[in-house]
Amino acid sequence: MESAQGAPPDDEHDPDGATVGFERAQAAALVDMARARLVELDGALARIDAGTYGVCESCGRQIGAARLAAVPGAHTCVSCATPKRFRARRR
Ligand SMILES: [Zn+2]
């Protein structure tokens, strides 16, 4: 983004690639995702300090080890994290 400062304002018609506007939006989205991940990991560290890491904040059951390995900042179990419309129906 810094390198774009002082560039001609009309760079939206480059036939060789994505527009600068698209690339900026993509970079901003990646920064937002990284910040959100940091917030999740800070929350995980706080739960470790509190002794509640790995416990689902919604139902109180243990969060599976595989889920924690894949999503270390997870604060809910798979069941609670899954929207109701996607949960398997029990009869
Ligand atoms: Zn749960």
# chains A, B, ... in the order shown; residues from 1 in each chain; ligands from 1
$ residues_near_ligand --ligand "ligand 1" --cutoff "9 Å" --atoms "only C-alpha atoms and all ligand atoms" --output "ChimeraX atom specification"
/A:55-63,75-81
$ write_last_selection --atoms "N, CA and C atoms" --output "PDB file, in the first residue's frame"
ATOM      1  N   VAL A  55     -12.061 -26.498  27.458  1.00  0.00           N
ATOM      2  CA  VAL A  55     -13.424 -26.706  27.939  1.00  0.00           C
ATOM      3  C   VAL A  55     -14.345 -25.812  27.103  1.00  0.00           C
ATOM      4  N   CYS A  56     -15.381 -26.409  26.549  1.00  0.00           N
ATOM      5  CA  CYS A  56     -16.315 -25.657  25.713  1.00  0.00           C
ATOM      6  C   CYS A  56     -17.026 -24.589  26.553  1.00  0.00           C
ATOM      7  N   GLU A  57     -16.964 -23.352  26.080  1.00  0.00           N
ATOM      8  CA  GLU A  57     -17.604 -22.257  26.805  1.00  0.00           C
ATOM      9  C   GLU A  57     -19.124 -22.311  26.714  1.00  0.00           C
ATOM     10  N   SER A  58     -19.632 -23.086  25.764  1.00  0.00           N
ATOM     11  CA  SER A  58     -21.073 -23.158  25.580  1.00  0.00           C
ATOM     12  C   SER A  58     -21.709 -24.283  26.390  1.00  0.00           C
ATOM     13  N   CYS A  59     -21.152 -25.502  26.262  1.00  0.00           N
ATOM     14  CA  CYS A  59     -21.792 -26.652  26.916  1.00  0.00           C
ATOM     15  C   CYS A  59     -20.989 -27.205  28.092  1.00  0.00           C
ATOM     16  N   GLY A  60     -19.731 -26.791  28.235  1.00  0.00           N
ATOM     17  CA  GLY A  60     -18.920 -27.229  29.361  1.00  0.00           C
ATOM     18  C   GLY A  60     -18.225 -28.556  29.170  1.00  0.00           C
ATOM     19  N   ARG A  61     -18.435 -29.204  28.017  1.00  0.00           N
ATOM     20  CA  ARG A  61     -17.747 -30.475  27.758  1.00  0.00           C
ATOM     21  C   ARG A  61     -16.339 -30.199  27.216  1.00  0.00           C
ATOM     22  N   GLN A  62     -15.512 -31.264  27.227  1.00  0.00           N
ATOM     23  CA  GLN A  62     -14.155 -31.136  26.695  1.00  0.00           C
ATOM     24  C   GLN A  62     -14.197 -30.904  25.183  1.00  0.00           C
ATOM     25  N   ILE A  63     -13.328 -30.041  24.710  1.00  0.00           N
ATOM     26  CA  ILE A  63     -13.157 -29.857  23.270  1.00  0.00           C
ATOM     27  C   ILE A  63     -12.185 -30.930  22.812  1.00  0.00           C
ATOM     28  N   HIS A  75     -12.884 -22.050  21.284  1.00  0.00           N
ATOM     29  CA  HIS A  75     -13.463 -21.908  22.624  1.00  0.00           C
ATOM     30  C   HIS A  75     -14.781 -22.648  22.742  1.00  0.00           C
ATOM     31  N   THR A  76     -15.152 -23.334  21.657  1.00  0.00           N
ATOM     32  CA  THR A  76     -16.339 -24.177  21.711  1.00  0.00           C
ATOM     33  C   THR A  76     -16.028 -25.517  21.053  1.00  0.00           C
ATOM     34  N   CYS A  77     -16.779 -26.547  21.439  1.00  0.00           N
ATOM     35  CA  CYS A  77     -16.608 -27.863  20.827  1.00  0.00           C
ATOM     36  C   CYS A  77     -17.192 -27.832  19.410  1.00  0.00           C
ATOM     37  N   VAL A  78     -16.928 -28.883  18.661  1.00  0.00           N
ATOM     38  CA  VAL A  78     -17.423 -28.944  17.283  1.00  0.00           C
ATOM     39  C   VAL A  78     -18.936 -28.853  17.258  1.00  0.00           C
ATOM     40  N   SER A  79     -19.588 -29.556  18.166  1.00  0.00           N
ATOM     41  CA  SER A  79     -21.042 -29.570  18.177  1.00  0.00           C
ATOM     42  C   SER A  79     -21.607 -28.162  18.387  1.00  0.00           C
ATOM     43  N   CYS A  80     -21.059 -27.447  19.349  1.00  0.00           N
ATOM     44  CA  CYS A  80     -21.563 -26.102  19.624  1.00  0.00           C
ATOM     45  C   CYS A  80     -21.158 -25.104  18.534  1.00  0.00           C
ATOM     46  N   ALA A  81     -20.037 -25.386  17.855  1.00  0.00           N
ATOM     47  CA  ALA A  81     -19.582 -24.474  16.809  1.00  0.00           C
ATOM     48  C   ALA A  81     -20.329 -24.691  15.501  1.00  0.00           C
TER      49      ALA A  81
END
$ select_by_dssp --residues "chain A" --states "helix (DSSP H, G or I)" --output "ChimeraX atom specification"
/A:2-4,20-50,65-70,78-81,84-86
$ residues_around --residues "region 64-74 of chain A" --least-positions-apart "2" --cutoff "6 Å" --atoms "only C-alpha atoms" --output "list in words"
Glu40, Leu41, Ala44 and Thr76 of chain A
$ atom_distance --atom1 "CA of Asp16 (chain A)" --atom2 "CA of Leu30 (chain A)"
22.7 Å
$ atom_distance --atom1 "CA of Asp49 (chain A)" --atom2 "CA of Thr82 (chain A)"
26.6 Å
$ decode --residues "chain A" --atoms "C-alpha atoms" --output "mmCIF file, in the first residue's frame"
data_model
loop_
_atom_site.group_PDB
_atom_site.id
_atom_site.type_symbol
_atom_site.label_atom_id
_atom_site.label_comp_id
_atom_site.auth_asym_id
_atom_site.auth_seq_id
_atom_site.Cartn_x
_atom_site.Cartn_y
_atom_site.Cartn_z
ATOM 1 C CA MET A 1 0.000 0.000 0.000
ATOM 2 C CA GLU A 2 2.898 2.332 0.734
ATOM 3 C CA SER A 3 4.345 1.734 -2.712
ATOM 4 C CA ALA A 4 1.075 2.816 -4.289
ATOM 5 C CA GLN A 5 1.336 6.273 -2.764
ATOM 6 C CA GLY A 6 2.067 8.783 -5.465
ATOM 7 C CA ALA A 7 1.061 6.371 -8.203
ATOM 8 C CA PRO A 8 -1.241 7.590 -10.928
ATOM 9 C CA PRO A 9 -4.823 7.436 -9.685
ATOM 10 C CA ASP A 10 -6.083 5.461 -12.674
ATOM 11 C CA ASP A 11 -4.485 2.064 -12.330
ATOM 12 C CA GLU A 12 -7.741 0.184 -12.590
ATOM 13 C CA HIS A 13 -7.263 -0.759 -16.221
ATOM 14 C CA ASP A 14 -4.077 -2.829 -16.060
ATOM 15 C CA PRO A 15 -4.625 -5.695 -18.510
ATOM 16 C CA ASP A 16 -1.882 -7.763 -16.891
ATOM 17 C CA GLY A 17 -3.472 -8.484 -13.576
ATOM 18 C CA ALA A 18 -5.715 -7.675 -10.700
ATOM 19 C CA THR A 19 -6.475 -4.073 -9.947
ATOM 20 C CA VAL A 20 -4.633 -2.289 -7.188
ATOM 21 C CA GLY A 21 -7.978 -1.807 -5.470
ATOM 22 C CA PHE A 22 -8.560 -5.556 -5.442
ATOM 23 C CA GLU A 23 -5.074 -6.243 -4.134
ATOM 24 C CA ARG A 24 -5.551 -3.652 -1.379
ATOM 25 C CA ALA A 25 -8.850 -5.205 -0.384
ATOM 26 C CA GLN A 26 -7.252 -8.644 -0.366
ATOM 27 C CA ALA A 27 -4.325 -7.433 1.769
ATOM 28 C CA ALA A 28 -6.700 -5.671 4.157
ATOM 29 C CA ALA A 29 -8.750 -8.850 4.498
ATOM 30 C CA LEU A 30 -5.613 -10.863 5.284
ATOM 31 C CA VAL A 31 -4.590 -8.311 7.935
ATOM 32 C CA ASP A 32 -8.091 -8.473 9.453
ATOM 33 C CA MET A 33 -7.928 -12.280 9.535
ATOM 34 C CA ALA A 34 -4.493 -12.203 11.190
ATOM 35 C CA ARG A 35 -5.748 -9.743 13.820
ATOM 36 C CA ALA A 36 -8.787 -11.924 14.512
ATOM 37 C CA ARG A 37 -6.509 -14.947 14.893
ATOM 38 C CA LEU A 38 -4.353 -13.048 17.387
ATOM 39 C CA VAL A 39 -7.443 -12.180 19.413
ATOM 40 C CA GLU A 40 -8.444 -15.871 19.390
ATOM 41 C CA LEU A 41 -4.977 -16.940 20.522
ATOM 42 C CA ASP A 42 -4.885 -14.272 23.245
ATOM 43 C CA GLY A 43 -8.184 -15.699 24.455
ATOM 44 C CA ALA A 44 -6.681 -19.201 24.425
ATOM 45 C CA LEU A 45 -3.703 -17.999 26.495
ATOM 46 C CA ALA A 46 -6.088 -16.403 28.991
ATOM 47 C CA ARG A 47 -8.037 -19.688 29.210
ATOM 48 C CA ILE A 48 -4.779 -21.583 29.806
ATOM 49 C CA ASP A 49 -3.967 -19.185 32.663
ATOM 50 C CA ALA A 50 -7.479 -19.641 34.044
ATOM 51 C CA GLY A 51 -7.298 -23.422 33.715
ATOM 52 C CA THR A 52 -10.271 -23.560 31.374
ATOM 53 C CA TYR A 53 -8.474 -24.187 28.086
ATOM 54 C CA GLY A 54 -10.064 -27.079 26.217
ATOM 55 C CA VAL A 55 -13.424 -26.706 27.939
ATOM 56 C CA CYS A 56 -16.315 -25.657 25.713
ATOM 57 C CA GLU A 57 -17.604 -22.257 26.805
ATOM 58 C CA SER A 58 -21.073 -23.158 25.580
ATOM 59 C CA CYS A 59 -21.792 -26.652 26.916
ATOM 60 C CA GLY A 60 -18.920 -27.229 29.361
ATOM 61 C CA ARG A 61 -17.747 -30.475 27.758
ATOM 62 C CA GLN A 62 -14.155 -31.136 26.695
ATOM 63 C CA ILE A 63 -13.157 -29.857 23.270
ATOM 64 C CA GLY A 64 -11.658 -32.699 21.239
ATOM 65 C CA ALA A 65 -7.885 -32.861 20.913
ATOM 66 C CA ALA A 66 -8.127 -32.946 17.115
ATOM 67 C CA ARG A 67 -10.171 -29.734 17.116
ATOM 68 C CA LEU A 68 -7.695 -28.014 19.433
ATOM 69 C CA ALA A 69 -4.809 -29.179 17.251
ATOM 70 C CA ALA A 70 -6.519 -27.766 14.176
ATOM 71 C CA VAL A 71 -7.952 -24.656 15.852
ATOM 72 C CA PRO A 72 -5.839 -23.854 18.942
ATOM 73 C CA GLY A 73 -7.980 -20.825 19.719
ATOM 74 C CA ALA A 74 -11.231 -22.795 19.685
ATOM 75 C CA HIS A 75 -13.463 -21.908 22.624
ATOM 76 C CA THR A 76 -16.339 -24.177 21.711
ATOM 77 C CA CYS A 77 -16.608 -27.863 20.827
ATOM 78 C CA VAL A 78 -17.423 -28.944 17.283
ATOM 79 C CA SER A 79 -21.042 -29.570 18.177
ATOM 80 C CA CYS A 80 -21.563 -26.102 19.624
ATOM 81 C CA ALA A 81 -19.582 -24.474 16.809
ATOM 82 C CA THR A 82 -21.725 -26.154 14.169
ATOM 83 C CA PRO A 83 -24.818 -24.186 13.202
ATOM 84 C CA LYS A 84 -27.995 -26.051 14.143
ATOM 85 C CA ARG A 85 -29.091 -26.409 10.545
ATOM 86 C CA PHE A 86 -25.951 -28.494 9.827
ATOM 87 C CA ARG A 87 -26.138 -30.741 12.882
ATOM 88 C CA ALA A 88 -27.147 -34.333 12.380
ATOM 89 C CA ARG A 89 -30.716 -34.956 13.425
ATOM 90 C CA ARG A 90 -31.273 -37.562 16.107
ATOM 91 C CA ARG A 91 -34.498 -39.501 16.206
#
